[in-house]
Protein chains: 2
Amino acid sequence: MSTPERLIESTRELLWERGYVGTSPKAIQEHAGAGQGSMYHHFKGKPDLALAAIRRTAEEMRATAEGVLSSPGSPYERIEAYLRRERDVLRGCPVGRLTMDPDVIASDELRAPVDETIDWLRERLAGIVEEGKEQGQFAPTLDAEEIAATILATVQGGYVLARASGSPAAFDTGVRGLLALLSPLR
Amino acid sequence: MSTPERLIESTRELLWERGYVGTSPKAIQEHAGAGQGSMYHHFKGKPDLALAAIRRTAEEMRATAEGVLSSPGSPYERIEAYLRRERDVLRGCPVGRLTMDPDVIASDELRAPVDETIDWLRERLAGIVEEGKEQGQFAPTLDAEEIAATILATVQGGYVLARASGSPAAFDTGVRGLLALLSPLR
DNA sequence: GTCTATAATTAGATAGAC
DNA sequence: GTCTATCTAATTATAGAC
């Protein structure tokens with residue numbers, strides 16, 4: 001892997017684990033096996049490198065979600081597949097965790113990829129819920145945008161519950177509750 | 001206010017805004033108007049002070065939640081009151097945000113108050129859902145523990161959506177979706 | 001109890017040799 | 001492109017005077 005590549009990938013991992021505030025250029029350099037001069041040659045500084053890392057993480061998450069959401073099956077089944085998809089629950093969401101970072105939120109540039117990804121996901125889910133309403137799988141009284149926000153919030157909040165308790169179980173419990181509420185059988 | 005008090009209150013505010021990793025002893029001292037020597041006289045160091053701050057924040061959150069959840073009304077109404085209670089949405093949850101802090105999660109002592117508070121809240125909500133099932137307000141097929149986890153996750157995740165978009169609206173949208181799914185009328 | 005002095009380490013970056 | 005040297009400020013303390 002090229003040096004810029006290693007720097008970006010290292011930044012992605014450290015951002016996921018320690019957030020922006022908790023990630024120092026030195027730590028990135030050590031993790032990437034690159035010198036200081038090398039880092040500042042390829043990137044303007046920490047924000048520049050973080051932006052590249054965040055953009056890539058956001059892109060990847062979107063691709064993963066699209067893969068699950070566009071799979072065959074009924075709207076309910078696709079939402080279930082998204083909710084039950086394998087996740088590294090205790091590591092948290094690599095995109096969502098950035099919203100708790102004061103420096104990311106303070107920068108419009110760094111926040112943009114986060115905002116866009118979550119917004120895209122919400123719209124994508126809303127479309128599927130709408131489909132489900134048309135097919136009679138979901139009650140016509142439900143608001144697709146609202147349900148989409150609830151689904152996303154349950155996932156993002158599930159990470160919080162799991163990390164608080166130190167076990168992925170809490171995530172799954174919350175997901176099962178939501179699926180029960182959404183279930184077309186009830 | 002006494003110096004230790006001011007130090008604890010300052011730490012609480014900074015932890016809420018910048019997290020543990022992003023909060024320096026110096027920032028705490030400046031915010032509290034206390035000198036360095038003063039801080040190290042009253043507390044062993046940053047972790048000791050943070051523990052006092054986190055414990056108090058957890059206690060306060062529990063008291064606030066109990067106030068809303070023990071108010072008169074049906075189970076659904078009390079859950080609705082909890083979900084709709086006034087919040088400083090864009091600041092995030094002062095307890096939940098700590099779960100994204102690597103140093104808090106790495107320390108059993110610092111994580112304990114967070115874990116206990118969230119766990120207590122989940123049990124408290126589960127009891128109310130159970131009540132609702134007994135009264136026929138919620139379907140008997142629902143699992144109270146699961147629904148409680150979903151409610152808490154929706155709240156915690158709502159903060160994430162709101163901070164990503166920079167607007168409290170996303171929080172409210174997710175809450176409305178959940179209330180629609182829980183509604184005894186549907 | 002509070003203050004100042006001191007100190008080892010890191011953060012975040014620039015300059016310039018190679 | 002990568003490296004080392006250098007720099008300013010901040011971090012997280014400890015020591016000891018007042």
# chains A, B, ... in the order shown; residues from 1 in each chain; ligands from 1
>>> closest_atom_pairs(of="chain B", to="chain D", cutoff="12 Å", atoms="only C-alpha atoms (C1' of nucleotides)", output="CSV")
residue,atom,partner,partner_atom,distance
B:Val21,CA,D:DT11,C1',11.3
B:Gly22,CA,D:DT11,C1',11.0
B:Thr23,CA,D:DT11,C1',10.2
B:Ser24,CA,D:DT11,C1',7.0
B:Pro25,CA,D:DT12,C1',7.5
B:Lys26,CA,D:DT11,C1',8.0
B:Ala27,CA,D:DA10,C1',10.3
B:Gln36,CA,D:DA13,C1',9.7
B:Gly37,CA,D:DT14,C1',10.0
B:Met39,CA,D:DA13,C1',11.2
B:Tyr40,CA,D:DA13,C1',8.9
B:His41,CA,D:DT14,C1',11.7
B:Lys44,CA,D:DA13,C1',10.2
B:Gly45,CA,D:DA13,C1',8.2
B:Lys46,CA,D:DT12,C1',8.4
B:Pro47,CA,D:DT12,C1',11.2
>>> write_last_selection(atoms="C-alpha atoms", output="tab-separated table (two decimals), in the first residue's frame")
chain	number	residue	atom	x	y	z
B	21	VAL	CA	-10.60	12.87	26.00
B	22	GLY	CA	-11.26	16.44	24.89
B	23	THR	CA	-11.28	17.90	28.39
B	24	SER	CA	-7.97	18.99	29.91
B	25	PRO	CA	-7.33	19.72	33.58
B	26	LYS	CA	-6.25	23.18	32.53
B	27	ALA	CA	-9.58	23.84	30.82
B	36	GLN	CA	-3.74	24.08	39.52
B	37	GLY	CA	-2.62	23.45	43.07
B	39	MET	CA	-7.44	21.18	41.89
B	40	TYR	CA	-4.76	18.67	42.82
B	41	HIS	CA	-5.38	19.36	46.48
B	44	LYS	CA	-6.25	13.01	42.92
B	45	GLY	CA	-6.23	13.93	39.22
B	46	LYS	CA	-8.35	14.05	36.11
B	47	PRO	CA	-9.90	10.57	36.46
>>> closest_atom_pairs(of="chain A", to="chain B", cutoff="7 Å", atoms="only C-alpha atoms", output="JSON lines")
{"residue": "A:Glu17", "atom": "CA", "partner": "B:Pro102", "partner_atom": "CA", "distance": 6.9}
{"residue": "A:Arg18", "atom": "CA", "partner": "B:Pro102", "partner_atom": "CA", "distance": 5.6}
{"residue": "A:Val21", "atom": "CA", "partner": "B:Gly22", "partner_atom": "CA", "distance": 5.9}
{"residue": "A:Gly22", "atom": "CA", "partner": "B:Val21", "partner_atom": "CA", "distance": 5.9}
{"residue": "A:Gly96", "atom": "CA", "partner": "B:Val160", "partner_atom": "CA", "distance": 6.4}
{"residue": "A:Arg97", "atom": "CA", "partner": "B:Met100", "partner_atom": "CA", "distance": 6.4}
{"residue": "A:Thr99", "atom": "CA", "partner": "B:Ala164", "partner_atom": "CA", "distance": 5.6}
{"residue": "A:Met100", "atom": "CA", "partner": "B:Arg97", "partner_atom": "CA", "distance": 6.4}
{"residue": "A:Pro102", "atom": "CA", "partner": "B:Arg18", "partner_atom": "CA", "distance": 5.6}
{"residue": "A:Arg111", "atom": "CA", "partner": "B:Ala164", "partner_atom": "CA", "distance": 7.0}
{"residue": "A:Val114", "atom": "CA", "partner": "B:Ala164", "partner_atom": "CA", "distance": 6.3}
{"residue": "A:Asp115", "atom": "CA", "partner": "B:Ala164", "partner_atom": "CA", "distance": 4.8}
{"residue": "A:Leu142", "atom": "CA", "partner": "B:Ala180", "partner_atom": "CA", "distance": 6.8}
{"residue": "A:Glu146", "atom": "CA", "partner": "B:Gly177", "partner_atom": "CA", "distance": 4.4}
{"residue": "A:Ile147", "atom": "CA", "partner": "B:Gly177", "partner_atom": "CA", "distance": 4.7}
{"residue": "A:Ala149", "atom": "CA", "partner": "B:Gly174", "partner_atom": "CA", "distance": 4.5}
{"residue": "A:Thr150", "atom": "CA", "partner": "B:Gly174", "partner_atom": "CA", "distance": 4.2}
{"residue": "A:Ala153", "atom": "CA", "partner": "B:Gly157", "partner_atom": "CA", "distance": 3.9}
{"residue": "A:Thr154", "atom": "CA", "partner": "B:Thr154", "partner_atom": "CA", "distance": 4.6}
{"residue": "A:Val155", "atom": "CA", "partner": "B:Gly157", "partner_atom": "CA", "distance": 6.9}
{"residue": "A:Gln156", "atom": "CA", "partner": "B:Gly157", "partner_atom": "CA", "distance": 4.5}
{"residue": "A:Gly157", "atom": "CA", "partner": "B:Gly157", "partner_atom": "CA", "distance": 3.8}
{"residue": "A:Gly158", "atom": "CA", "partner": "B:Ala153", "partner_atom": "CA", "distance": 5.2}
{"residue": "A:Val160", "atom": "CA", "partner": "B:Thr99", "partner_atom": "CA", "distance": 6.0}
{"residue": "A:Leu161", "atom": "CA", "partner": "B:Ala153", "partner_atom": "CA", "distance": 6.9}
{"residue": "A:Arg163", "atom": "CA", "partner": "B:Thr99", "partner_atom": "CA", "distance": 5.8}
{"residue": "A:Ala164", "atom": "CA", "partner": "B:Asp115", "partner_atom": "CA", "distance": 4.8}
{"residue": "A:Ser165", "atom": "CA", "partner": "B:Asp115", "partner_atom": "CA", "distance": 5.3}
{"residue": "A:Thr173", "atom": "CA", "partner": "B:Glu146", "partner_atom": "CA", "distance": 5.1}
{"residue": "A:Gly174", "atom": "CA", "partner": "B:Thr150", "partner_atom": "CA", "distance": 4.2}
{"residue": "A:Val175", "atom": "CA", "partner": "B:Thr150", "partner_atom": "CA", "distance": 6.7}
{"residue": "A:Arg176", "atom": "CA", "partner": "B:Glu146", "partner_atom": "CA", "distance": 6.3}
{"residue": "A:Gly177", "atom": "CA", "partner": "B:Glu146", "partner_atom": "CA", "distance": 4.4}
{"residue": "A:Leu178", "atom": "CA", "partner": "B:Thr150", "partner_atom": "CA", "distance": 6.0}
{"residue": "A:Ala180", "atom": "CA", "partner": "B:Leu142", "partner_atom": "CA", "distance": 6.9}
{"residue": "A:Leu181", "atom": "CA", "partner": "B:Leu181", "partner_atom": "CA", "distance": 6.0}
>>> write_last_selection(atoms="N, CA, C and O atoms", output="tab-separated table (two decimals), in the first residue's frame")
chain	number	residue	atom	x	y	z
A	17	GLU	N	-11.80	4.36	16.57
A	17	GLU	CA	-11.54	3.91	17.94
A	17	GLU	C	-11.50	5.06	18.94
A	17	GLU	O	-12.02	4.94	20.05
A	18	ARG	N	-10.88	6.16	18.56
A	18	ARG	CA	-10.63	7.23	19.54
A	18	ARG	C	-11.27	8.56	19.18
A	18	ARG	O	-11.16	9.53	19.94
A	21	VAL	N	-10.84	14.11	18.25
A	21	VAL	CA	-10.14	14.78	19.35
A	21	VAL	C	-9.08	13.88	19.97
A	21	VAL	O	-8.01	14.34	20.36
A	22	GLY	N	-9.38	12.59	20.02
A	22	GLY	CA	-8.47	11.65	20.66
A	22	GLY	C	-7.40	11.08	19.75
A	22	GLY	O	-6.64	10.21	20.16
A	96	GLY	N	-21.49	7.43	12.85
A	96	GLY	CA	-22.30	8.02	13.92
A	96	GLY	C	-21.48	8.55	15.08
A	96	GLY	O	-21.80	9.60	15.65
A	97	ARG	N	-20.42	7.86	15.45
A	97	ARG	CA	-19.62	8.28	16.61
A	97	ARG	C	-19.02	9.66	16.39
A	97	ARG	O	-18.75	10.39	17.35
A	99	THR	N	-20.42	12.21	15.36
A	99	THR	CA	-21.34	13.29	15.76
A	99	THR	C	-21.11	13.71	17.20
A	99	THR	O	-21.57	14.76	17.62
A	100	MET	N	-20.43	12.87	17.99
A	100	MET	CA	-20.17	13.23	19.38
A	100	MET	C	-18.82	13.94	19.52
A	100	MET	O	-18.40	14.25	20.63
A	102	PRO	N	-16.64	17.09	19.26
A	102	PRO	CA	-16.89	18.54	19.19
A	102	PRO	C	-16.20	19.19	17.99
A	102	PRO	O	-16.78	20.06	17.35
A	111	ARG	N	-18.14	17.76	9.07
A	111	ARG	CA	-19.47	17.25	9.38
A	111	ARG	C	-20.25	16.85	8.13
A	111	ARG	O	-21.09	15.96	8.16
A	114	VAL	N	-20.65	13.21	7.11
A	114	VAL	CA	-21.45	12.52	8.13
A	114	VAL	C	-22.92	12.81	7.90
A	114	VAL	O	-23.76	11.90	7.82
A	115	ASP	N	-23.22	14.09	7.78
A	115	ASP	CA	-24.59	14.53	7.57
A	115	ASP	C	-25.17	13.89	6.32
A	115	ASP	O	-26.26	13.32	6.33
A	142	LEU	N	-48.89	5.19	8.96
A	142	LEU	CA	-47.50	5.48	9.34
A	142	LEU	C	-46.87	6.48	8.38
A	142	LEU	O	-47.12	6.46	7.18
A	146	GLU	N	-40.84	9.39	9.26
A	146	GLU	CA	-40.74	9.20	10.71
A	146	GLU	C	-40.22	7.80	11.04
A	146	GLU	O	-39.30	7.64	11.87
A	147	ILE	N	-40.77	6.80	10.40
A	147	ILE	CA	-40.34	5.43	10.68
A	147	ILE	C	-38.88	5.23	10.30
A	147	ILE	O	-38.12	4.57	11.02
A	149	ALA	N	-36.56	7.48	10.39
A	149	ALA	CA	-35.76	8.11	11.45
A	149	ALA	C	-35.72	7.21	12.68
A	149	ALA	O	-34.68	7.07	13.33
A	150	THR	N	-36.83	6.58	13.00
A	150	THR	CA	-36.88	5.68	14.16
A	150	THR	C	-35.95	4.49	13.96
A	150	THR	O	-35.23	4.09	14.88
A	153	ALA	N	-32.37	5.71	14.27
A	153	ALA	CA	-32.09	6.06	15.66
A	153	ALA	C	-31.93	4.81	16.51
A	153	ALA	O	-31.05	4.75	17.38
A	154	THR	N	-32.75	3.81	16.25
A	154	THR	CA	-32.63	2.57	17.02
A	154	THR	C	-31.26	1.94	16.83
A	154	THR	O	-30.64	1.44	17.78
A	155	VAL	N	-30.78	1.99	15.60
A	155	VAL	CA	-29.45	1.44	15.32
A	155	VAL	C	-28.38	2.26	16.03
A	155	VAL	O	-27.54	1.73	16.76
A	156	GLN	N	-28.42	3.56	15.83
A	156	GLN	CA	-27.39	4.42	16.43
A	156	GLN	C	-27.44	4.35	17.95
A	156	GLN	O	-26.40	4.33	18.62
A	157	GLY	N	-28.64	4.34	18.50
A	157	GLY	CA	-28.78	4.25	19.95
A	157	GLY	C	-28.41	2.87	20.47
A	157	GLY	O	-27.93	2.73	21.59
A	158	GLY	N	-28.61	1.86	19.63
A	158	GLY	CA	-28.24	0.50	20.02
A	158	GLY	C	-26.76	0.41	20.33
A	158	GLY	O	-26.36	-0.27	21.28
A	160	VAL	N	-24.96	2.75	21.54
A	160	VAL	CA	-24.76	3.40	22.84
A	160	VAL	C	-25.09	2.42	23.98
A	160	VAL	O	-24.29	2.25	24.92
A	161	LEU	N	-26.23	1.76	23.88
A	161	LEU	CA	-26.61	0.80	24.93
A	161	LEU	C	-25.58	-0.32	25.04
A	161	LEU	O	-25.20	-0.73	26.14
A	163	ARG	N	-22.35	-0.33	24.17
A	163	ARG	CA	-21.08	0.12	24.73
A	163	ARG	C	-21.20	0.45	26.21
A	163	ARG	O	-20.24	0.26	26.98
A	164	ALA	N	-22.35	0.94	26.63
A	164	ALA	CA	-22.55	1.22	28.05
A	164	ALA	C	-22.44	-0.06	28.86
A	164	ALA	O	-21.78	-0.10	29.91
A	165	SER	N	-23.07	-1.11	28.38
A	165	SER	CA	-23.10	-2.36	29.13
A	165	SER	C	-21.89	-3.24	28.84
A	165	SER	O	-21.66	-4.23	29.53
A	173	THR	N	-31.28	-6.57	21.46
A	173	THR	CA	-32.57	-6.47	22.15
A	173	THR	C	-33.39	-5.31	21.61
A	173	THR	O	-34.58	-5.44	21.33
A	174	GLY	N	-32.74	-4.17	21.43
A	174	GLY	CA	-33.44	-3.00	20.89
A	174	GLY	C	-33.94	-3.26	19.48
A	174	GLY	O	-35.04	-2.85	19.11
A	175	VAL	N	-33.12	-3.93	18.69
A	175	VAL	CA	-33.51	-4.25	17.31
A	175	VAL	C	-34.72	-5.19	17.29
A	175	VAL	O	-35.67	-4.99	16.51
A	176	ARG	N	-34.70	-6.19	18.17
A	176	ARG	CA	-35.84	-7.12	18.21
A	176	ARG	C	-37.13	-6.39	18.59
A	176	ARG	O	-38.19	-6.66	18.05
A	177	GLY	N	-37.00	-5.44	19.52
A	177	GLY	CA	-38.18	-4.66	19.91
A	177	GLY	C	-38.74	-3.88	18.72
A	177	GLY	O	-39.95	-3.87	18.48
A	178	LEU	N	-37.85	-3.26	17.97
A	178	LEU	CA	-38.30	-2.47	16.82
A	178	LEU	C	-38.94	-3.38	15.77
A	178	LEU	O	-40.00	-3.05	15.21
A	180	ALA	N	-40.42	-6.15	16.25
A	180	ALA	CA	-41.74	-6.57	16.73
A	180	ALA	C	-42.77	-5.49	16.46
A	180	ALA	O	-43.90	-5.78	16.04
A	181	LEU	N	-42.39	-4.24	16.69
A	181	LEU	CA	-43.32	-3.13	16.46
A	181	LEU	C	-43.64	-2.95	14.98
A	181	LEU	O	-44.74	-2.52	14.61
>>> select_by_dssp(residues="chain B", states="helix (DSSP H, G or I)", output="ChimeraX atom specification")
/B:3-18,25-32,36-42,46-69,75-84,89-91,96-100,102-106,108-134,144-165,169-182
>>> interface_residues(of="chain C", to="chain A", cutoff="8 Å", atoms="only C-alpha atoms (C1' of nucleotides)", output="ChimeraX atom specification")
/C:11-13
